[in-house]
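Working notes, structure below.
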Amino acid sequence: MAVKKVLQYGEKTLREPSKEVHKVSRKIQELVQDLLDTMYAKNGVGLAAPQIGVNYRVFVVDVSANDEPLNPIVFINPKIIKKSGAIVAQEGCISFPEAYTDVKRYKNVMVKALDRNGKLFVMEAKDGSLLARAIQHENDHLDGILFIDHCVNRFETDNILAKYNLPPVEADKLLSEPEIEKELEN
Ligand code: ZN
């Protein structure tokens with residue numbers, strides 16, 4: 001019901017793991033609406049609760065094109081239950097205004113979650129689609145993981161971050177992703 005302030009890279013809350021939602025209460029439904037309002041206000045394709053300072057396992061995405069009707073998808077307590085393939089693609093984040101860098105992602109994911117009414121659903125996103133990557137990006141936020149932790153080139157990413165006056169990559173947060181790297185070599 002409101003556009004919230006989006007926390008920027010460097011703020012501690014973005015690194016904190018989020019709690020499971022025990023009940024899709026009115027409070028959680030208001031959180032969902034705030035996430036949607038804020039995502040649309042910032043022209044984002046996804047937004048996770050910790051980005052507006054709420055450490056609950058909730059995120060929203062909308063990968064519809066500008067000339068298509070809105071298609072918000074709400075994920076509560078999401079779990080990625082299958083992942084395969086690998087892709088490198090450029091990503092950004094509303095918590096890192098204007099900074100984009102190449103990151104490693106799985107090409108295909110299957111996720112299960114509750115929708116905004118508390119109903120369980122399973123969704124598959126394939127072929128390194130925007131949806132597949134957005135699900136991985138937003139799901140990471142719930143564990144305090146940021147897209148730059150998946151970056152292909154740390155030094156290049158540091159240069160990009162510096163250009164936008166953002167703190168450098170945190171070396172201890174960089175992820176080792178042997179499964180994805182092996183796939184990328186093929
Ligand atoms: Zn993000």
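Labeling convention for the structure tokens: chains A, B, ... as they appear, residues from 1 per chain, ligands from 1 in order of appearance.
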
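Once Val63 (chain A) and its same-chain neighbours fewer than 3 positions away are set aside, Met39, Tyr40, Asn43, Gly44, Val45, Gly46, Leu47, Val60, Asn66, Asp67, Glu68, Pro69, Leu70, Asn71, Pro72, Ile73, Ala125, Ser129, Leu130, Leu131, Ala132, Arg133, Ala134 and Ile135 of chain A remain within 12 Å of it when counting only C-alpha atoms.
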
Exercise for the section: May I have all residues of region 24-112 of chain A that DSSP, computed from the backbone, assigns to strand (DSSP E or B), given as JSON, numbers by chain? Expected result: {"A": [46, 47, 48, 56, 58, 59, 60, 61, 73, 74, 75, 76, 77, 78, 79, 80, 81, 82, 83, 84, 87, 88, 89, 90, 91, 92, 93, 96, 97, 98, 99, 100, 101, 102, 103, 104, 105, 108, 109, 110, 111, 112]}

Exercise for the section: Go through region 9-186 of chain A and collect every residue that DSSP, computed from the backbone, puts in helix (DSSP H, G or I); the answer should be as a PyMOL selection string. Expected result: chain A and resi 12-15+26-41+49-52+130-141+147-150+154-163+171-173+178-185

Emit the selected residues as a PDB file, in the first residue's frame, including C-alpha atoms.
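After the write, out.pdb holds the following:
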ATOM      1  CA  LYS A  12      23.599  -4.632   7.031  1.00  0.00           C
ATOM      2  CA  THR A  13      20.000  -5.843   6.670  1.00  0.00           C
ATOM      3  CA  LEU A  14      20.749  -6.912   3.086  1.00  0.00           C
ATOM      4  CA  ARG A  15      23.238  -9.467   4.452  1.00  0.00           C
ATOM      5  CA  ARG A  26      -2.898  -9.602   6.776  1.00  0.00           C
ATOM      6  CA  LYS A  27       0.505  -8.208   7.787  1.00  0.00           C
ATOM      7  CA  ILE A  28       2.220 -10.437   5.201  1.00  0.00           C
ATOM      8  CA  GLN A  29      -0.315  -9.453   2.540  1.00  0.00           C
ATOM      9  CA  GLU A  30       0.451  -5.799   3.259  1.00  0.00           C
ATOM     10  CA  LEU A  31       4.155  -6.581   2.925  1.00  0.00           C
ATOM     11  CA  VAL A  32       3.448  -8.195  -0.473  1.00  0.00           C
ATOM     12  CA  GLN A  33       1.570  -5.086  -1.614  1.00  0.00           C
ATOM     13  CA  ASP A  34       4.396  -2.808  -0.425  1.00  0.00           C
ATOM     14  CA  LEU A  35       6.896  -4.954  -2.360  1.00  0.00           C
ATOM     15  CA  LEU A  36       4.801  -4.731  -5.535  1.00  0.00           C
ATOM     16  CA  ASP A  37       4.215  -0.983  -5.171  1.00  0.00           C
ATOM     17  CA  THR A  38       7.913  -0.375  -4.587  1.00  0.00           C
ATOM     18  CA  MET A  39       9.081  -2.692  -7.403  1.00  0.00           C
ATOM     19  CA  TYR A  40       6.806  -0.959  -9.932  1.00  0.00           C
ATOM     20  CA  ALA A  41       7.787   2.507  -8.675  1.00  0.00           C
ATOM     21  CA  ALA A  49      11.455  -8.191   1.530  1.00  0.00           C
ATOM     22  CA  PRO A  50      14.921  -7.581   3.063  1.00  0.00           C
ATOM     23  CA  GLN A  51      15.429  -4.838   0.471  1.00  0.00           C
ATOM     24  CA  ILE A  52      12.707  -2.825   2.205  1.00  0.00           C
ATOM     25  CA  LEU A 130      14.646 -13.445 -17.246  1.00  0.00           C
ATOM     26  CA  LEU A 131      12.211 -15.271 -14.965  1.00  0.00           C
ATOM     27  CA  ALA A 132      14.725 -18.059 -14.227  1.00  0.00           C
ATOM     28  CA  ARG A 133      17.392 -15.523 -13.333  1.00  0.00           C
ATOM     29  CA  ALA A 134      15.045 -13.239 -11.379  1.00  0.00           C
ATOM     30  CA  ILE A 135      13.898 -16.153  -9.205  1.00  0.00           C
ATOM     31  CA  GLN A 136      17.510 -17.020  -8.342  1.00  0.00           C
ATOM     32  CA  HIS A 137      18.432 -13.376  -7.734  1.00  0.00           C
ATOM     33  CA  GLU A 138      15.470 -12.659  -5.445  1.00  0.00           C
ATOM     34  CA  ASN A 139      15.680 -15.997  -3.638  1.00  0.00           C
ATOM     35  CA  ASP A 140      19.313 -15.197  -2.808  1.00  0.00           C
ATOM     36  CA  HIS A 141      18.258 -11.962  -1.089  1.00  0.00           C
ATOM     37  CA  PHE A 147      24.185 -10.743  -7.210  1.00  0.00           C
ATOM     38  CA  ILE A 148      27.770  -9.496  -7.075  1.00  0.00           C
ATOM     39  CA  ASP A 149      28.635 -12.604  -4.990  1.00  0.00           C
ATOM     40  CA  HIS A 150      28.112 -14.544  -8.261  1.00  0.00           C
ATOM     41  CA  ARG A 154      35.680  -9.451  -9.359  1.00  0.00           C
ATOM     42  CA  PHE A 155      37.957  -6.652 -10.550  1.00  0.00           C
ATOM     43  CA  GLU A 156      35.677  -5.568 -13.322  1.00  0.00           C
ATOM     44  CA  THR A 157      32.776  -5.587 -10.845  1.00  0.00           C
ATOM     45  CA  ASP A 158      34.782  -3.464  -8.387  1.00  0.00           C
ATOM     46  CA  ASN A 159      35.358  -0.895 -11.127  1.00  0.00           C
ATOM     47  CA  ILE A 160      31.656  -0.761 -11.929  1.00  0.00           C
ATOM     48  CA  LEU A 161      30.718  -0.410  -8.242  1.00  0.00           C
ATOM     49  CA  ALA A 162      33.292   2.358  -7.743  1.00  0.00           C
ATOM     50  CA  LYS A 163      31.810   4.251 -10.670  1.00  0.00           C
ATOM     51  CA  ALA A 171      35.878 -11.007  -0.938  1.00  0.00           C
ATOM     52  CA  ASP A 172      34.633 -13.299   1.841  1.00  0.00           C
ATOM     53  CA  LYS A 173      31.154 -13.359   0.268  1.00  0.00           C
ATOM     54  CA  PRO A 178      31.988 -25.528  -9.144  1.00  0.00           C
ATOM     55  CA  GLU A 179      28.752 -27.004 -10.566  1.00  0.00           C
ATOM     56  CA  ILE A 180      27.984 -23.887 -12.621  1.00  0.00           C
ATOM     57  CA  GLU A 181      31.614 -23.410 -13.645  1.00  0.00           C
ATOM     58  CA  LYS A 182      31.828 -26.980 -14.877  1.00  0.00           C
ATOM     59  CA  GLU A 183      28.685 -26.477 -16.964  1.00  0.00           C
ATOM     60  CA  LEU A 184      30.043 -23.225 -18.406  1.00  0.00           C
ATOM     61  CA  GLU A 185      33.182 -25.011 -19.625  1.00  0.00           C
TER      62      GLU A 185
END

Handout entry: Selected residue, from A:Lys126, A:Val111, A:Asp143, A:Val88, that lies nearest to ligand 1 when counting only C-alpha atoms and all ligand atoms
Key = A:Asp143

Handout entry: Contact residues around Asn55 (chain A) with only C-alpha atoms at 8 Å, ignoring same-chain residues under 6 positions, as a list in words
Key = Thr13, Glu16, Pro17, Ser18, Lys19, Ala49 and Leu142 of chain A

Could you take the residues named above and write them with N, CA and C atoms, as a PDB file, in the first residue's frame?
ATOM      1  N   THR A  13      21.210  -5.012   6.819  1.00  0.00           N
ATOM      2  CA  THR A  13      20.000  -5.843   6.670  1.00  0.00           C
ATOM      3  C   THR A  13      20.043  -6.685   5.398  1.00  0.00           C
ATOM      4  N   GLU A  16      21.516 -10.079   6.054  1.00  0.00           N
ATOM      5  CA  GLU A  16      20.954 -10.933   7.108  1.00  0.00           C
ATOM      6  C   GLU A  16      19.980 -11.953   6.527  1.00  0.00           C
ATOM      7  N   PRO A  17      20.033 -13.208   7.017  1.00  0.00           N
ATOM      8  CA  PRO A  17      19.093 -14.219   6.537  1.00  0.00           C
ATOM      9  C   PRO A  17      17.670 -13.902   7.017  1.00  0.00           C
ATOM     10  N   SER A  18      16.692 -14.227   6.190  1.00  0.00           N
ATOM     11  CA  SER A  18      15.296 -13.917   6.515  1.00  0.00           C
ATOM     12  C   SER A  18      14.584 -15.111   7.134  1.00  0.00           C
ATOM     13  N   LYS A  19      13.534 -14.803   7.888  1.00  0.00           N
ATOM     14  CA  LYS A  19      12.749 -15.822   8.609  1.00  0.00           C
ATOM     15  C   LYS A  19      11.623 -16.368   7.735  1.00  0.00           C
ATOM     16  N   ALA A  49      11.805  -8.894   0.292  1.00  0.00           N
ATOM     17  CA  ALA A  49      11.455  -8.191   1.530  1.00  0.00           C
ATOM     18  C   ALA A  49      12.649  -7.544   2.249  1.00  0.00           C
ATOM     19  N   LEU A 142      16.977 -13.565   0.235  1.00  0.00           N
ATOM     20  CA  LEU A 142      16.407 -14.094   1.481  1.00  0.00           C
ATOM     21  C   LEU A 142      17.469 -14.764   2.347  1.00  0.00           C
TER      22      LEU A 142
END

Counting only C-alpha atoms, what is within 6 Å of region 91-96 of chain A, bar same-chain residues fewer than 3 positions away, as a tab-separated table (two decimals) with all heavy atoms, in the first residue's frame?
chain	number	residue	atom	x	y	z
A	7	LEU	N	16.69	-0.32	0.62
A	7	LEU	CA	18.02	-0.30	1.23
A	7	LEU	C	19.08	-0.45	0.16
A	7	LEU	O	18.91	-1.20	-0.81
A	7	LEU	CB	18.16	-1.44	2.25
A	7	LEU	CG	17.18	-1.44	3.41
A	7	LEU	CD1	17.54	-2.54	4.41
A	7	LEU	CD2	17.14	-0.08	4.11
A	8	GLN	N	20.17	0.27	0.33
A	8	GLN	CA	21.25	0.25	-0.65
A	8	GLN	C	22.39	-0.64	-0.18
A	8	GLN	O	22.59	-0.83	1.02
A	8	GLN	CB	21.74	1.69	-0.88
A	8	GLN	CG	20.65	2.61	-1.43
A	8	GLN	CD	20.09	2.11	-2.76
A	8	GLN	OE1	20.81	2.08	-3.76
A	8	GLN	NE2	18.83	1.69	-2.79
A	9	TYR	N	23.12	-1.15	-1.16
A	9	TYR	CA	24.29	-2.01	-0.89
A	9	TYR	C	25.19	-1.32	0.14
A	9	TYR	O	25.53	-0.15	-0.03
A	9	TYR	CB	25.04	-2.25	-2.19
A	9	TYR	CG	26.32	-3.05	-2.02
A	9	TYR	CD1	26.35	-4.20	-1.25
A	9	TYR	CD2	27.50	-2.64	-2.63
A	9	TYR	CE1	27.52	-4.93	-1.10
A	9	TYR	CE2	28.68	-3.36	-2.49
A	9	TYR	CZ	28.68	-4.50	-1.72
A	9	TYR	OH	29.84	-5.22	-1.57
A	99	ALA	N	24.22	-0.06	-11.45
A	99	ALA	CA	25.41	-0.91	-11.58
A	99	ALA	C	25.01	-2.29	-12.09
A	99	ALA	O	24.20	-2.98	-11.47
A	99	ALA	CB	26.11	-1.02	-10.23
A	100	TYR	N	25.56	-2.66	-13.24
A	100	TYR	CA	25.27	-3.97	-13.84
A	100	TYR	C	26.57	-4.72	-14.03
A	100	TYR	O	27.59	-4.12	-14.37
A	100	TYR	CB	24.60	-3.79	-15.22
A	100	TYR	CG	23.22	-3.21	-15.12
A	100	TYR	CD1	23.03	-1.83	-15.03
A	100	TYR	CD2	22.09	-4.03	-15.08
A	100	TYR	CE1	21.76	-1.29	-14.92
A	100	TYR	CE2	20.82	-3.50	-14.97
A	100	TYR	CZ	20.66	-2.13	-14.89
A	100	TYR	OH	19.40	-1.60	-14.76
A	101	THR	N	26.53	-6.03	-13.79
A	101	THR	CA	27.73	-6.82	-14.03
A	101	THR	C	27.35	-8.25	-14.42
A	101	THR	O	26.22	-8.69	-14.17
A	101	THR	CB	28.66	-6.79	-12.79
A	101	THR	OG1	29.95	-7.27	-13.16
A	101	THR	CG2	28.13	-7.65	-11.65

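Checking A:Gly144, A:Lys107, A:Ala86, A:Arg57 one by one against ligand 1, counting only C-alpha atoms and all ligand atoms, you find the shortest gap at A:Gly144.
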
Handout entry: Point-to-point distance from CA of Gly53 (chain A) to CA of Glu170 (chain A), Å rounded to tenths
Key = 20.5 Å

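In this comparison, which uses only C-alpha atoms and all ligand atoms, the residue of A:Lys104, A:Val58, A:Ile81, A:Ile145 approaching ligand 1 most closely is A:Ile145.
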
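Distance check against ligand 1 using only C-alpha atoms and all ligand atoms: of A:Leu146, A:Lys112, A:Glu11, A:Phe121, the minimum falls on A:Leu146.
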
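Among A:Glu177, A:Asp115, A:Val21, A:Asn153, the residue with the shortest atom-to-atom distance to Phe75 (chain A), counting only C-alpha atoms, is A:Asp115.
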
Exercise for the section: May I ask which of the residues A:Lys83, A:Val24, A:Pro97, A:Ala2 is the closest one to ligand 1, counting only C-alpha atoms and all ligand atoms? Expected result: A:Pro97
